[in-house]
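**Q** I'm passing along entry_28.txt; it holds compact mmCIF, C-alpha atoms.
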# COMPACT_ATOMS: atom_id res chain seq x y z
CA MET A 1 -17.97 9.47 29.11
CA THR A 2 -16.61 9.94 25.61
CA ILE A 3 -13.22 11.38 24.73
CA THR A 4 -13.48 13.46 21.54
CA ALA A 5 -10.29 14.33 19.70
CA ALA A 6 -9.18 15.29 16.22
CA ALA A 7 -6.20 13.54 14.62
CA ASP A 8 -4.34 14.84 11.57
CA GLY A 9 -1.16 14.49 9.55
CA SER A 10 0.78 16.86 7.34
CA ALA A 11 3.57 16.44 4.80
CA LEU A 12 5.43 19.24 3.06
CA GLY A 13 5.95 17.35 -0.14
CA ASN A 14 4.68 13.81 -0.22
CA PRO A 15 7.03 12.43 0.94
CA GLY A 16 8.76 15.28 2.68
CA PRO A 17 9.09 16.70 6.16
CA ALA A 18 6.01 15.35 7.94
CA GLY A 19 4.09 15.92 11.12
CA TRP A 20 1.20 14.43 13.01
CA ALA A 21 -0.96 15.67 15.86
CA TRP A 22 -4.02 14.93 17.92
CA TYR A 23 -5.96 17.58 19.77
CA ILE A 24 -8.59 17.47 22.50
CA ASP A 25 -8.17 21.01 23.87
CA ASP A 26 -5.38 23.49 24.55
CA ALA A 27 -4.30 21.53 27.64
CA GLN A 28 -4.44 18.08 25.98
CA TRP A 29 -2.68 17.59 22.66
CA ARG A 30 0.45 16.04 21.26
CA ALA A 31 2.48 16.32 18.05
CA GLY A 32 5.50 14.77 16.42
CA GLY A 33 6.79 13.78 13.03
CA TRP A 34 9.72 12.79 10.89
CA PRO A 35 12.26 14.49 8.64
CA ARG A 36 10.81 12.52 5.69
CA ALA A 37 7.47 10.70 5.50
CA THR A 38 4.09 10.90 3.81
CA ASN A 39 0.82 12.49 4.79
CA ASN A 40 -0.77 9.04 5.18
CA GLN A 41 1.94 8.01 7.63
CA GLY A 42 1.30 11.17 9.64
CA GLU A 43 -2.44 10.54 9.64
CA LEU A 44 -1.91 6.99 10.94
CA MET A 45 0.60 8.02 13.59
CA ALA A 46 -1.72 10.70 14.97
CA VAL A 47 -4.40 8.08 15.68
CA ILE A 48 -1.86 5.57 17.06
CA ASP A 49 -0.44 8.10 19.49
CA LEU A 50 -3.94 9.22 20.53
CA LEU A 51 -4.87 5.61 21.30
CA HIS A 52 -1.71 5.12 23.35
CA ALA A 53 -2.19 8.42 25.19
CA THR A 54 -5.76 7.49 26.17
CA ALA A 55 -5.04 3.83 26.99
CA HIS A 56 -5.40 4.56 30.73
CA ARG A 57 -9.00 5.54 29.94
CA ALA A 58 -9.76 2.50 27.79
CA ASP A 59 -13.18 2.07 29.43
CA GLU A 60 -14.32 5.31 27.79
CA GLN A 61 -15.38 5.54 24.16
CA LEU A 62 -12.92 7.38 21.92
CA HIS A 63 -14.51 9.55 19.22
CA VAL A 64 -11.86 10.34 16.60
CA LEU A 65 -12.51 13.20 14.20
CA CYS A 66 -10.41 12.59 11.12
CA ASP A 67 -10.19 14.17 7.68
CA SER A 68 -8.37 11.13 6.27
CA GLN A 69 -10.52 8.71 4.32
CA TYR A 70 -7.40 6.51 4.12
CA VAL A 71 -7.28 6.06 7.91
CA ILE A 72 -11.03 5.61 8.32
CA ASN A 73 -11.35 3.14 5.45
CA SER A 74 -8.25 1.26 6.56
CA VAL A 75 -9.76 0.62 9.99
CA THR A 76 -13.44 0.27 9.17
CA GLN A 77 -13.36 -1.49 5.79
CA TRP A 78 -10.03 -2.77 4.49
CA MET A 79 -8.14 -4.09 7.51
CA PRO A 80 -10.10 -7.35 8.01
CA GLY A 81 -9.41 -8.37 4.38
CA TRP A 82 -5.76 -7.33 4.57
CA LYS A 83 -5.29 -9.45 7.68
CA ARG A 84 -7.01 -12.48 6.09
CA ARG A 85 -4.72 -12.18 3.07
CA GLY A 86 -1.54 -11.83 5.14
CA TRP A 87 -1.43 -8.03 4.85
CA ARG A 88 -1.87 -8.03 1.11
CA LYS A 89 -4.34 -5.97 -0.88
CA ALA A 90 -6.97 -7.55 -3.12
CA ASP A 91 -4.57 -7.24 -6.07
CA GLY A 92 -1.95 -9.29 -4.17
CA LYS A 93 0.41 -6.37 -3.58
CA PRO A 94 1.69 -5.73 -0.06
CA VAL A 95 -0.23 -3.25 2.06
CA LEU A 96 1.69 0.00 2.39
CA ASN A 97 2.45 1.27 5.89
CA ARG A 98 1.94 -2.24 7.27
CA GLU A 99 3.95 -1.65 10.45
CA LEU A 100 1.94 1.44 11.33
CA LEU A 101 -1.34 -0.30 10.46
CA GLU A 102 -0.46 -3.32 12.60
CA THR A 103 0.41 -0.98 15.48
CA LEU A 104 -2.92 0.82 15.00
CA ASP A 105 -4.80 -2.49 14.92
CA GLN A 106 -3.13 -3.62 18.14
CA ALA A 107 -3.80 -0.29 19.89
CA MET A 108 -7.51 -0.55 19.04
CA GLN A 109 -7.93 -3.97 20.67
CA GLY A 110 -10.41 -3.79 23.53
CA ARG A 111 -11.24 -0.16 22.81
CA GLN A 112 -14.50 1.44 21.80
CA VAL A 113 -13.39 3.71 18.95
CA ARG A 114 -15.73 5.60 16.67
CA PHE A 115 -14.32 7.43 13.66
CA GLU A 116 -16.06 10.41 12.13
CA TRP A 117 -14.95 11.96 8.88
CA VAL A 118 -14.72 15.74 8.93
CA LYS A 119 -13.86 17.81 5.91
CA GLY A 120 -10.34 19.17 6.19
CA HIS A 121 -9.71 22.91 6.09
CA ALA A 122 -13.41 23.61 6.53
CA GLY A 123 -13.30 25.40 9.86
CA HIS A 124 -13.98 22.54 12.29
CA PRO A 125 -12.25 23.84 15.45
CA LEU A 126 -10.71 20.56 16.65
CA ASN A 127 -9.63 19.51 13.17
CA GLU A 128 -8.13 22.93 12.47
CA ALA A 129 -6.17 22.79 15.75
CA ALA A 130 -4.82 19.30 14.97
CA ASP A 131 -3.95 20.40 11.43
CA ASP A 132 -2.12 23.50 12.71
CA LYS A 133 -0.05 21.43 15.14
CA ALA A 134 0.73 18.71 12.57
CA ARG A 135 1.80 21.34 10.02
CA ALA A 136 3.91 23.09 12.69
CA ALA A 137 5.69 19.78 13.38
CA ALA A 138 6.35 19.24 9.66
CA THR A 139 7.61 22.82 9.35
CA ALA A 140 9.94 22.32 12.32
CA TYR A 141 11.45 19.25 10.64
CA GLN A 142 11.76 21.21 7.40
CA ARG A 143 13.86 23.75 9.34
CA GLY A 144 15.93 21.00 10.99
CA GLN A 145 14.37 21.58 14.40
CA GLU A 146 12.48 19.38 16.83
CA PRO A 147 8.75 20.18 16.91
CA GLU A 148 6.85 21.21 20.02
CA ALA A 149 5.53 17.91 21.38
CA GLY A 150 2.67 19.30 23.46
CA PRO A 151 1.50 18.42 26.96
CA GLY A 152 -0.14 15.09 26.14
CA ILE A 153 -2.74 13.95 28.66
CA ALA A 154 -2.22 14.19 32.41
CA ALA A 155 -1.77 10.81 34.10
CA ALA A 156 -1.25 9.07 30.77
CA ALA A 157 1.33 6.35 30.51
CA PRO A 158 4.14 7.06 28.06
CA SER A 159 3.40 5.89 24.53
CA PRO A 160 5.11 2.65 23.52
CA LYS A 161 7.91 3.05 21.05
CA VAL A 162 6.71 2.98 17.48
CA PRO A 163 8.71 3.90 14.40
CA LEU A 164 8.98 7.64 14.99
CA ALA A 165 12.45 8.36 13.65
CA ALA A 166 11.96 6.74 10.27
CA PRO A 167 8.69 5.34 8.95
CA PRO A 168 8.94 1.68 7.92
CA GLN A 169 8.26 2.26 4.23
CA GLN A 170 7.21 5.08 1.99
CA ASP A 171 3.68 4.96 0.68
CA THR A 172 2.11 6.65 -2.28
CA LEU A 173 -1.08 8.62 -2.49
CA PHE A 174 -4.18 6.49 -2.65
Represent the structure from my file as C-alpha cells, please.

**A**
Amino acid sequence: MTITAAADGSALGNPGPAGWAWYIDDAQWRAGGWPRATNNQGELMAVIDLLHATAHRADEQLHVLCDSQYVINSVTQWMPGWKRRGWRKADGKPVLNRELLETLDQAMQGRQVRFEWVKGHAGHPLNEAADDKARAAATAYQRGQEPEAGPGIAAAAPSPKVPLAAPPQQDTLF
C-alpha cells in the first residue's frame, strides 16, 4: 500500500513567522512552526515530520506531494554531491539548512519515498489542505499563539526531537 500525503511550508515574511504541515486526510495531519524561520525551512520540516510520523509504516511506499522545488531537488539531485563535499555546495559555500537536511536524509534511510511536484495554489486538494494548515500555523505564531498541531497518525510513535523552537540557521531564497 502507498501512503499519499502533501507537505508544505509557509512564512509570513521570509524570514518571519513560519509554519509547516503535512496532510493525508482530515483525520491524519500535523502542523507546527516557529516564531521566525523561512519558507524553505518550513517545507523541509513538513517532510521530516511526515517521515517520522509514518516510520511505523516504513514498509509502505510514501508518496509525497510537494510544491517546493527546493525540497525535491535537495533530495533527488543535490544531496549526494553536498554529502561528498562535506555539506558544501559546488561553489564551496556551506549548504543552508544543513541540520534540517541531515535530519531529512537520516529519516529517509530505508524508506521508499517518491516525491511529486504539484503546482502550489492551483487547487490540488491535498496540497491546498497542507498549505492552509501551514499558513494557519504561521499566522498563530504571528499572533503569539501556539498553532493547532493536528491529530497526527494513530499508532504513530512520537517524532524525534528536531530543531522546532529555533531553526539552526536562516536561509535565503534560492

**Q** Taking into account all atoms listed in the file, which residue in the set A:Leu65, A:Ile153, A:Ala122, A:Ile72 is nearest to A:Ala53?

**A**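 Smallest distance to A:Ala53 is found for A:Ile153.
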
**Q** I'd like to know which of A:Gly42, A:Gly144, A:Gly110, A:Gly150 is closest to A:Asp8, using all atoms listed in the file.

**A** A:Gly42

**Q** Using all atoms listed in the file, find all polymer residues with an atom at most 7 Å away from the point (4.3, 12.0, 0.8); report them as a list in words.

**A** Ala11, Gly13, Asn14, Pro15, Gly16, Ala37, Thr38, Asn39 and Thr172 of chain A

**Q** Report as a VMD selection string all protein, DNA and RNA residues lying within 6 Å of A:Trp20, evaluated on all atoms listed in the file, omitting residues in the same chain fewer than 6 positions from it.

**A** chain A and resid 8 to 9 31 to 33 42 46 134

**Q** Would you work out the distance separating atom CA of A:Leu50 from atom CA of A:Cys66, expressed in Å to one decimal?

**A**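 Separating atom CA of A:Leu50 from atom CA of A:Cys66 is a distance of 11.9 Å.
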